[in-house]
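Pasting my_file_35.cif here (mmCIF, C-alpha atoms):
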```cif
data_target
#
loop_
_atom_site.label_atom_id
_atom_site.label_comp_id
_atom_site.auth_asym_id
_atom_site.auth_seq_id
_atom_site.Cartn_x
_atom_site.Cartn_y
_atom_site.Cartn_z
CA MET A 1 -14.87 -6.67 0.09
CA VAL A 2 -14.32 -10.11 1.60
CA CYS A 3 -15.89 -13.52 0.97
CA LEU A 4 -14.63 -17.08 1.35
CA GLY A 5 -12.72 -17.75 -1.86
CA ASN A 6 -12.61 -14.33 -3.58
CA ILE A 7 -14.09 -15.69 -6.81
CA CYS A 8 -17.88 -15.15 -6.55
CA ARG A 9 -19.29 -12.55 -4.17
CA SER A 10 -16.39 -10.26 -3.26
CA PRO A 11 -15.19 -9.72 -6.87
CA LEU A 12 -18.74 -8.69 -7.76
CA ALA A 13 -18.92 -6.38 -4.75
CA GLU A 14 -15.55 -4.87 -5.66
CA GLY A 15 -16.60 -4.22 -9.26
CA ILE A 16 -19.99 -2.85 -8.30
CA LEU A 17 -18.74 -0.46 -5.61
CA ALA A 18 -15.79 0.70 -7.72
CA SER A 19 -18.21 1.58 -10.53
CA LYS A 20 -20.18 3.85 -8.18
CA LEU A 21 -17.22 5.82 -6.78
CA PRO A 22 -14.82 8.35 -8.33
CA LYS A 23 -11.62 6.38 -8.97
CA LYS A 24 -9.36 9.30 -8.05
CA ASN A 25 -10.74 9.38 -4.50
CA PHE A 26 -11.33 5.73 -3.61
CA VAL A 27 -9.60 2.36 -3.78
CA VAL A 28 -11.82 -0.71 -3.75
CA ASP A 29 -10.36 -4.21 -3.48
CA SER A 30 -11.49 -7.70 -2.59
CA ALA A 31 -10.05 -10.75 -0.88
CA GLY A 32 -11.03 -14.16 0.41
CA THR A 33 -10.59 -15.59 3.87
CA GLY A 34 -9.32 -18.81 2.27
CA SER A 35 -6.33 -19.30 -0.01
CA TRP A 36 -7.73 -21.81 -2.54
CA HIS A 37 -8.16 -19.32 -5.39
CA VAL A 38 -5.19 -16.97 -4.94
CA GLY A 39 -4.12 -15.65 -8.34
CA ARG A 40 -7.20 -16.96 -10.14
CA SER A 41 -9.80 -14.97 -12.04
CA PRO A 42 -13.34 -14.65 -10.68
CA ASP A 43 -15.81 -17.47 -11.32
CA ALA A 44 -17.07 -17.37 -14.92
CA ARG A 45 -20.63 -16.91 -13.63
CA SER A 46 -19.61 -13.80 -11.66
CA ILE A 47 -17.82 -12.43 -14.72
CA ALA A 48 -20.93 -13.13 -16.84
CA VAL A 49 -23.43 -11.46 -14.48
CA ALA A 50 -21.11 -8.45 -14.13
CA LYS A 51 -20.77 -8.19 -17.91
CA LYS A 52 -24.55 -8.39 -18.28
CA ASN A 53 -24.64 -5.30 -16.03
CA ASN A 54 -21.90 -3.49 -17.99
CA LEU A 55 -19.08 -4.22 -15.53
CA ASP A 56 -15.80 -5.94 -16.38
CA ILE A 57 -14.34 -7.86 -13.43
CA SER A 58 -12.41 -10.33 -15.59
CA GLN A 59 -9.01 -8.80 -14.78
CA GLN A 60 -9.36 -9.22 -11.02
CA LYS A 61 -7.19 -11.86 -9.37
CA GLY A 62 -8.02 -13.70 -6.17
CA ARG A 63 -6.03 -12.95 -3.05
CA GLN A 64 -6.25 -13.88 0.60
CA PHE A 65 -7.21 -11.33 3.25
CA GLN A 66 -4.20 -10.36 5.35
CA GLN A 67 -3.73 -8.63 8.66
CA ALA A 68 -2.04 -5.74 6.78
CA ASP A 69 -5.40 -5.02 5.07
CA PHE A 70 -6.57 -3.44 8.32
CA ASP A 71 -3.94 -0.72 7.78
CA LYS A 72 -4.64 -0.30 4.06
CA PHE A 73 -8.43 0.06 4.18
CA ASP A 74 -10.87 2.22 6.14
CA TYR A 75 -13.82 -0.13 5.65
CA ILE A 76 -13.88 -3.91 5.36
CA TYR A 77 -17.17 -5.34 4.15
CA VAL A 78 -17.71 -9.07 4.55
CA MET A 79 -20.35 -11.16 2.84
CA ASP A 80 -21.48 -13.34 5.76
CA GLN A 81 -21.13 -14.16 9.45
CA SER A 82 -18.43 -16.77 8.83
CA ASN A 83 -16.30 -14.23 6.90
CA TYR A 84 -16.94 -11.73 9.69
CA ASP A 85 -15.68 -14.13 12.34
CA ASP A 86 -12.62 -15.09 10.25
CA VAL A 87 -11.63 -11.47 9.58
CA LEU A 88 -12.23 -10.41 13.19
CA ALA A 89 -9.95 -13.23 14.34
CA LEU A 90 -7.08 -11.41 12.58
CA ALA A 91 -7.86 -8.02 14.15
CA THR A 92 -5.51 -6.88 16.91
CA SER A 93 -7.30 -3.74 18.12
CA ASP A 94 -10.75 -2.26 18.63
CA GLU A 95 -9.98 0.21 15.83
CA GLN A 96 -9.44 -2.69 13.43
CA ARG A 97 -12.54 -4.55 14.63
CA GLN A 98 -14.69 -1.45 14.06
CA LYS A 99 -13.71 -1.39 10.37
CA VAL A 100 -15.36 -4.78 9.74
CA LYS A 101 -19.01 -4.77 8.71
CA ILE A 102 -21.42 -7.29 7.23
CA ILE A 103 -22.30 -5.73 3.88
CA LEU A 104 -26.06 -6.31 4.01
CA ASP A 105 -26.21 -4.48 7.36
CA GLU A 106 -26.19 -1.43 5.09
CA LEU A 107 -29.68 -2.47 3.97
CA PHE A 108 -30.83 -4.34 7.08
CA PRO A 109 -29.06 -2.68 10.04
CA ASN A 110 -27.97 -5.04 12.81
CA GLU A 111 -29.78 -8.01 11.27
CA ASN A 112 -26.55 -9.72 10.13
CA VAL A 113 -28.11 -10.97 6.89
CA ASP A 114 -25.70 -13.08 4.84
CA VAL A 115 -25.10 -12.69 1.12
CA PRO A 116 -25.62 -16.32 0.09
CA ASP A 117 -22.69 -18.03 -1.60
CA PRO A 118 -23.93 -18.75 -5.14
CA TYR A 119 -21.11 -21.20 -5.97
CA TYR A 120 -23.18 -24.38 -5.47
CA GLY A 121 -26.61 -22.75 -5.64
CA MET A 122 -29.37 -22.26 -8.16
CA SER A 123 -28.73 -21.04 -11.69
CA ASN A 124 -30.11 -17.57 -10.85
CA GLY A 125 -28.01 -17.33 -7.68
CA PHE A 126 -25.40 -15.06 -9.22
CA GLU A 127 -28.08 -12.67 -10.49
CA MET A 128 -29.70 -12.57 -7.05
CA VAL A 129 -26.33 -11.92 -5.38
CA TYR A 130 -25.51 -9.20 -7.92
CA ASN A 131 -28.81 -7.43 -7.16
CA MET A 132 -28.27 -7.62 -3.38
CA LEU A 133 -24.74 -6.28 -3.68
CA ASP A 134 -25.78 -3.56 -6.11
CA GLU A 135 -28.38 -2.28 -3.67
CA ALA A 136 -25.98 -2.41 -0.71
CA CYS A 137 -23.23 -0.69 -2.72
CA ASP A 138 -25.63 2.15 -3.63
CA VAL A 139 -25.97 2.89 0.09
CA ILE A 140 -22.24 2.48 0.76
CA ALA A 141 -21.27 4.73 -2.17
CA GLN A 142 -23.67 7.47 -1.04
CA LYS A 143 -22.20 7.37 2.48
CA LEU A 144 -18.58 7.33 1.29
CA ILE A 145 -19.10 10.20 -1.16
CA ALA A 146 -20.94 12.25 1.49
CA ASN A 147 -18.14 11.61 4.04
CA HIS A 148 -15.44 12.46 1.52
CA SER A 149 -16.84 15.83 0.39
#
```
Spell out the structure here as structure tokens.
Amino acid sequence: MVCLGNICRSPLAEGILASKLPKKNFVVDSAGTGSWHVGRSPDARSIAVAKKNNLDISQQKGRQFQQADFDKFDYIYVMDQSNYDDVLALATSDEQRQKVKIILDELFPNENVDVPDPYYGMSNGFEMVYNMLDEACDVIAQKLIANHS
């Protein structure tokens, strides 16, 4: 799961998807395209909305997306078009480029709908983002579990 700073959207997406998958079969992680928040905990508002939905993301630590992530992960979900472009810029093969997907394309195929960054937004922005990601992660989890069985 990749967003800009790895403190708002992608930590939520990581926590949500991880909660929907058997831990023994799947590894879910998150990263940011930027390096501003490396080593920091998620935004307090992300932690709060996750906690409200019975998820604990407080132990996550921000990290920056790296080219090596293409080798570690089968799927790379980005939160918006800007993240998509930044991650694709690091890809060195078609195989790597095919791993990168805009997360809301799972709900709205080929529409390239962005998950809005709630950092500077309205007070209910984190709740709205949580709900979008929860719905998208339901679809992703169903696909991953079906492909893994």
Given the choices A:Ser123, A:Val129, A:Val87, A:Ala136, which gets closest to Asp105 of chain A if the distance is worked out from all atoms listed in the file? A:Ala136
Carefully work through the PyMOL selection byres ((chain A and resi 116) around 10) for this structure and note down the residues it includes, as a ChimeraX atom specification. /A:9,79-80,113-115,117-119,121,125-126,128-129,132
Closest to Val2 of chain A among A:Leu90, A:Ile57, A:Val38, A:Ile103, using only C-alpha atoms?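 Checking each candidate against Val2 of chain A, we get A:Ile103 as the closest.
The nearest approach to Gln96 of chain A among the residues A:Asn110, A:Asn53, A:Ser82, A:Gln67, with only C-alpha atoms taken into account, belongs to A:Gln67.
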Nearest to Ser58 of chain A: which of A:Ser93, A:Ser30, A:Ser41, A:Asn6 is it, counting all atoms listed in the file?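 Once distances to Ser58 of chain A are computed over all atoms listed in the file, the minimum belongs to A:Ser41.
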Pick from A:Phe108, A:Phe70, A:Tyr120, A:Tyr77 nearest to Ala13 of chain A, counting only C-alpha atoms: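 Ranked by minimum distance to Ala13 of chain A, first place goes to A:Tyr77.
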Closest of A:Ser10, A:Asn25, A:Ser46, A:Gln98 to Arg63 of chain A, counting only C-alpha atoms, is A:Ser10
Separation of atom CA of Cys3 of chain A and atom CA of Asp69 of chain A, in Å?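 Straight-line distance from atom CA of Cys3 of chain A to atom CA of Asp69 of chain A works out to 14.1 Å.
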Near Phe26 of chain A, counting all atoms listed in the file, which residues have an atom at most 12 Å away, once you skip same-chain residues fewer than 6 positions from it, shown as a ChimeraX atom specification? /A:14,17-20,72-75,141,144-145,147-148
Atom CA of Ile102 of chain A to atom CA of Met1 of chain A measures 9.7 Å
Which value, in Å to one decimal, gives the distance between atom CA of Asn112 of chain A and atom CA of Gln81 of chain A? 7.0 Å
Regenerate segment 16-43 of chain A at the level of N, CA and C atoms and dump it as a PDB file, keeping the file's coordinate frame.
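File result_25.pdb, as written:
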```
ATOM      1  N   ILE A  16     -18.800  -3.678  -8.434  1.00  0.00           N
ATOM      2  CA  ILE A  16     -19.990  -2.850  -8.300  1.00  0.00           C
ATOM      3  C   ILE A  16     -19.673  -1.549  -7.558  1.00  0.00           C
ATOM      4  N   LEU A  17     -19.028  -1.664  -6.384  1.00  0.00           N
ATOM      5  CA  LEU A  17     -18.740  -0.460  -5.610  1.00  0.00           C
ATOM      6  C   LEU A  17     -17.776   0.450  -6.366  1.00  0.00           C
ATOM      7  N   ALA A  18     -16.751  -0.117  -6.976  1.00  0.00           N
ATOM      8  CA  ALA A  18     -15.790   0.700  -7.720  1.00  0.00           C
ATOM      9  C   ALA A  18     -16.471   1.493  -8.834  1.00  0.00           C
ATOM     10  N   SER A  19     -17.506   0.894  -9.437  1.00  0.00           N
ATOM     11  CA  SER A  19     -18.210   1.580 -10.530  1.00  0.00           C
ATOM     12  C   SER A  19     -19.047   2.761 -10.038  1.00  0.00           C
ATOM     13  N   LYS A  20     -19.325   2.815  -8.753  1.00  0.00           N
ATOM     14  CA  LYS A  20     -20.180   3.850  -8.180  1.00  0.00           C
ATOM     15  C   LYS A  20     -19.384   4.981  -7.513  1.00  0.00           C
ATOM     16  N   LEU A  21     -18.063   4.842  -7.476  1.00  0.00           N
ATOM     17  CA  LEU A  21     -17.220   5.820  -6.780  1.00  0.00           C
ATOM     18  C   LEU A  21     -16.220   6.457  -7.745  1.00  0.00           C
ATOM     19  N   PRO A  22     -15.865   7.730  -7.502  1.00  0.00           N
ATOM     20  CA  PRO A  22     -14.820   8.350  -8.330  1.00  0.00           C
ATOM     21  C   PRO A  22     -13.473   7.669  -8.050  1.00  0.00           C
ATOM     22  N   LYS A  23     -12.858   7.150  -9.117  1.00  0.00           N
ATOM     23  CA  LYS A  23     -11.620   6.380  -8.970  1.00  0.00           C
ATOM     24  C   LYS A  23     -10.475   7.182  -8.359  1.00  0.00           C
ATOM     25  N   LYS A  24     -10.476   8.496  -8.575  1.00  0.00           N
ATOM     26  CA  LYS A  24      -9.360   9.300  -8.050  1.00  0.00           C
ATOM     27  C   LYS A  24      -9.426   9.456  -6.535  1.00  0.00           C
ATOM     28  N   ASN A  25     -10.585   9.194  -5.929  1.00  0.00           N
ATOM     29  CA  ASN A  25     -10.740   9.380  -4.500  1.00  0.00           C
ATOM     30  C   ASN A  25     -10.828   8.100  -3.679  1.00  0.00           C
ATOM     31  N   PHE A  26     -11.069   6.974  -4.349  1.00  0.00           N
ATOM     32  CA  PHE A  26     -11.330   5.730  -3.610  1.00  0.00           C
ATOM     33  C   PHE A  26     -10.600   4.548  -4.223  1.00  0.00           C
ATOM     34  N   VAL A  27     -10.176   3.638  -3.360  1.00  0.00           N
ATOM     35  CA  VAL A  27      -9.600   2.360  -3.780  1.00  0.00           C
ATOM     36  C   VAL A  27     -10.508   1.274  -3.248  1.00  0.00           C
ATOM     37  N   VAL A  28     -10.974   0.414  -4.141  1.00  0.00           N
ATOM     38  CA  VAL A  28     -11.820  -0.710  -3.750  1.00  0.00           C
ATOM     39  C   VAL A  28     -11.087  -1.977  -4.138  1.00  0.00           C
ATOM     40  N   ASP A  29     -11.057  -2.947  -3.238  1.00  0.00           N
ATOM     41  CA  ASP A  29     -10.360  -4.210  -3.480  1.00  0.00           C
ATOM     42  C   ASP A  29     -11.188  -5.328  -2.882  1.00  0.00           C
ATOM     43  N   SER A  30     -10.805  -6.552  -3.177  1.00  0.00           N
ATOM     44  CA  SER A  30     -11.490  -7.700  -2.590  1.00  0.00           C
ATOM     45  C   SER A  30     -10.475  -8.767  -2.233  1.00  0.00           C
ATOM     46  N   ALA A  31     -10.916  -9.665  -1.352  1.00  0.00           N
ATOM     47  CA  ALA A  31     -10.050 -10.750  -0.880  1.00  0.00           C
ATOM     48  C   ALA A  31     -10.945 -11.874  -0.369  1.00  0.00           C
ATOM     49  N   GLY A  32     -10.336 -13.025  -0.184  1.00  0.00           N
ATOM     50  CA  GLY A  32     -11.030 -14.160   0.410  1.00  0.00           C
ATOM     51  C   GLY A  32     -10.397 -14.517   1.732  1.00  0.00           C
ATOM     52  N   THR A  33     -11.171 -15.141   2.599  1.00  0.00           N
ATOM     53  CA  THR A  33     -10.590 -15.590   3.870  1.00  0.00           C
ATOM     54  C   THR A  33      -9.772 -16.850   3.650  1.00  0.00           C
ATOM     55  N   GLY A  34     -10.075 -17.609   2.600  1.00  0.00           N
ATOM     56  CA  GLY A  34      -9.320 -18.810   2.270  1.00  0.00           C
ATOM     57  C   GLY A  34      -8.326 -18.550   1.157  1.00  0.00           C
ATOM     58  N   SER A  35      -7.409 -19.493   0.967  1.00  0.00           N
ATOM     59  CA  SER A  35      -6.330 -19.300  -0.010  1.00  0.00           C
ATOM     60  C   SER A  35      -6.476 -20.144  -1.273  1.00  0.00           C
ATOM     61  N   TRP A  36      -7.578 -20.860  -1.432  1.00  0.00           N
ATOM     62  CA  TRP A  36      -7.730 -21.810  -2.540  1.00  0.00           C
ATOM     63  C   TRP A  36      -7.623 -21.178  -3.910  1.00  0.00           C
ATOM     64  N   HIS A  37      -8.061 -19.931  -4.062  1.00  0.00           N
ATOM     65  CA  HIS A  37      -8.160 -19.320  -5.390  1.00  0.00           C
ATOM     66  C   HIS A  37      -7.215 -18.146  -5.596  1.00  0.00           C
ATOM     67  N   VAL A  38      -6.157 -18.066  -4.799  1.00  0.00           N
ATOM     68  CA  VAL A  38      -5.190 -16.970  -4.940  1.00  0.00           C
ATOM     69  C   VAL A  38      -4.620 -16.974  -6.358  1.00  0.00           C
ATOM     70  N   GLY A  39      -4.658 -15.793  -6.988  1.00  0.00           N
ATOM     71  CA  GLY A  39      -4.120 -15.650  -8.340  1.00  0.00           C
ATOM     72  C   GLY A  39      -5.061 -16.031  -9.456  1.00  0.00           C
ATOM     73  N   ARG A  40      -6.236 -16.547  -9.109  1.00  0.00           N
ATOM     74  CA  ARG A  40      -7.200 -16.960 -10.140  1.00  0.00           C
ATOM     75  C   ARG A  40      -8.196 -15.844 -10.442  1.00  0.00           C
ATOM     76  N   SER A  41      -8.755 -15.916 -11.642  1.00  0.00           N
ATOM     77  CA  SER A  41      -9.800 -14.970 -12.040  1.00  0.00           C
ATOM     78  C   SER A  41     -11.097 -15.307 -11.311  1.00  0.00           C
ATOM     79  N   PRO A  42     -12.029 -14.357 -11.268  1.00  0.00           N
ATOM     80  CA  PRO A  42     -13.340 -14.650 -10.680  1.00  0.00           C
ATOM     81  C   PRO A  42     -14.038 -15.796 -11.416  1.00  0.00           C
ATOM     82  N   ASP A  43     -14.978 -16.421 -10.740  1.00  0.00           N
ATOM     83  CA  ASP A  43     -15.810 -17.470 -11.320  1.00  0.00           C
ATOM     84  C   ASP A  43     -16.441 -16.938 -12.610  1.00  0.00           C
TER      85      ASP A  43
END
```
